[in-house]
$ cat run.pdb   # PDB, C-alpha atoms
ATOM      1  CA  MET B   1      50.794  15.250 -34.784
ATOM      2  CA  LEU B   2      52.402  14.426 -38.102
ATOM      3  CA  TRP B   3      51.512  10.736 -37.932
ATOM      4  CA  GLY B   4      47.984  11.417 -36.642
ATOM      5  CA  GLY B   5      47.388  13.957 -39.386
ATOM      6  CA  ALA B   6      48.590  11.484 -41.992
ATOM      7  CA  GLN B   7      46.162   8.856 -40.689
ATOM      8  CA  LEU B   8      43.290  11.347 -40.781
ATOM      9  CA  LEU B   9      44.247  12.339 -44.331
ATOM     10  CA  ASP B  10      44.345   8.681 -45.371
ATOM     11  CA  ALA B  11      40.918   8.058 -43.816
ATOM     12  CA  ALA B  12      39.368  11.127 -45.445
ATOM     13  CA  LEU B  13      40.773  10.237 -48.866
ATOM     14  CA  SER B  14      39.595   6.650 -48.490
ATOM     15  CA  ALA B  15      36.080   7.761 -47.556
ATOM     16  CA  GLY B  16      35.939  10.076 -50.554
ATOM     17  CA  GLU B  17      37.188   7.334 -52.857
ATOM     18  CA  ALA B  18      34.628   4.883 -51.486
ATOM     19  CA  LEU B  19      31.857   7.318 -52.315
ATOM     20  CA  ALA B  20      33.097   8.356 -55.748
ATOM     21  CA  LEU B  21      34.800   5.328 -57.311
ATOM     22  CA  PRO B  22      33.633   1.859 -58.355
ATOM     23  CA  VAL B  23      33.757  -0.774 -55.636
ATOM     24  CA  ASP B  24      36.366  -2.921 -57.393
ATOM     25  CA  THR B  25      38.974  -0.154 -57.647
ATOM     26  CA  VAL B  26      38.788   1.244 -54.114
ATOM     27  CA  PRO B  27      40.889  -1.460 -52.359
ATOM     28  CA  VAL B  28      43.699  -1.219 -54.911
ATOM     29  CA  ILE B  29      43.868   2.561 -54.833
ATOM     30  CA  GLY B  30      43.504   2.600 -51.059
ATOM     31  CA  ARG B  31      46.411   0.216 -50.539
ATOM     32  CA  CYS B  32      48.717   2.198 -52.832
ATOM     33  CA  GLN B  33      47.590   5.448 -51.244
ATOM     34  CA  SER B  34      48.318   4.134 -47.750
ATOM     35  CA  PHE B  35      51.837   3.044 -48.729
ATOM     36  CA  VAL B  36      52.582   6.418 -50.345
ATOM     37  CA  ILE B  37      51.364   8.340 -47.297
ATOM     38  CA  LEU B  38      53.274   6.017 -44.956
ATOM     39  CA  GLY B  39      56.472   6.440 -46.961
ATOM     40  CA  ALA B  40      56.110  10.221 -47.090
ATOM     41  CA  VAL B  41      55.533  10.471 -43.348
ATOM     42  CA  ALA B  42      58.485   8.179 -42.612
ATOM     43  CA  VAL B  43      60.769  10.343 -44.776
ATOM     44  CA  LEU B  44      59.498  13.511 -43.114
ATOM     45  CA  THR B  45      60.045  11.978 -39.675
ATOM     46  CA  VAL B  46      63.662  11.097 -40.467
ATOM     47  CA  ARG B  47      64.338  14.530 -41.958
ATOM     48  CA  ARG B  48      62.837  16.358 -38.983
ATOM     49  CA  SER B  49      64.690  14.171 -36.486
ATOM     50  CA  ARG B  50      67.986  14.886 -38.245
ATOM     51  CA  ALA B  51      67.240  18.614 -38.270
ATOM     52  CA  PHE B  52      66.415  18.463 -34.559
ATOM     53  CA  SER B  53      69.605  16.551 -33.848
ATOM     54  CA  ASP B  54      71.713  18.999 -35.848
ATOM     55  CA  GLY B  55      70.151  21.963 -34.062
ATOM     56  CA  THR B  56      70.275  20.654 -30.510
ATOM     57  CA  GLY B  57      72.881  17.901 -30.528
ATOM     58  CA  ILE B  58      70.354  15.475 -29.045
ATOM     59  CA  PRO B  59      69.444  12.519 -31.294
ATOM     60  CA  LEU B  60      65.798  11.439 -31.328
ATOM     61  CA  PHE B  61      66.488   7.806 -32.266
ATOM     62  CA  GLY B  62      68.791   6.934 -29.379
ATOM     63  CA  LEU B  63      72.319   7.851 -28.426
ATOM     64  CA  ARG B  64      75.168   6.917 -30.704
ATOM     65  CA  SER B  65      78.162   5.159 -29.318
ATOM     66  CA  SER B  66      81.342   7.236 -29.473
ATOM     67  CA  SER B  67      83.593   4.190 -29.883
ATOM     68  CA  ARG B  68      83.586   2.265 -33.132
ATOM     69  CA  PRO B  69      84.712  -1.336 -33.488
TER      70      PRO B  69
END
$ encode --input "run.pdb" --output "C-alpha cells"
Amino acid sequence: MLWGGAQLLDAALSAGEALALPVDTVPVIGRCQSFVILGAVAVLTVRRSRAFSDGTGIPLFGLRSSSRP
C-alpha cells in the first residue's frame, strides 16, 4: 500500500503541475519529484522492515546466515 500510495501521489502531483506550470518546467520538476518520492518510500520501507524484524524476529529481506566467513 505504501508503494501504491506513493505512485498515486506522484501521479496526482504531476497532473497538477502539468495544469499549473509552464510546459518547459514540468519534465524537470517531475523527474526530481519522482526521485524524491522514490527515495522517501525506499527509506520508509527499510525502516519498517527493520522494525518488523526487531519485533517478530523474522527478516523481510531474506534470512541471514548464522555463520560468517
$ residues_around --input "run.pdb" --residues "segment 2-17 of chain B" --least-positions-apart "2" --cutoff "8 Å" --atoms "all atoms listed in the file" --output "short mmCIF file (atom, residue, chain, number, x, y, z; two decimals) with C-alpha atoms, in the frame of the given file"
data_model
loop_
_atom_site.label_atom_id
_atom_site.label_comp_id
_atom_site.auth_asym_id
_atom_site.auth_seq_id
_atom_site.Cartn_x
_atom_site.Cartn_y
_atom_site.Cartn_z
CA LEU B 19 31.86 7.32 -52.32
CA ALA B 20 33.10 8.36 -55.75
CA LEU B 21 34.80 5.33 -57.31
CA VAL B 26 38.79 1.24 -54.11
CA GLY B 30 43.50 2.60 -51.06
CA GLN B 33 47.59 5.45 -51.24
CA SER B 34 48.32 4.13 -47.75
CA ILE B 37 51.36 8.34 -47.30
CA LEU B 38 53.27 6.02 -44.96
CA VAL B 41 55.53 10.47 -43.35
#
$ atom_distance --input "run.pdb" --atom1 "atom CA of Ser49 of chain B" --atom2 "atom CA of Phe61 of chain B"
7.8 Å
$ atom_distance --input "run.pdb" --atom1 "atom CA of Pro59 of chain B" --atom2 "atom CA of Thr45 of chain B"
12.6 Å
$ atom_distance --input "run.pdb" --atom1 "atom CA of Arg48 of chain B" --atom2 "atom CA of Met1 of chain B"
12.8 Å
$ closest_residue --input "run.pdb" --among "B:Phe35, B:Leu60, B:Thr25, B:Ala18" --to "Arg47 of chain B" --atoms "all atoms listed in the file"
B:Leu60
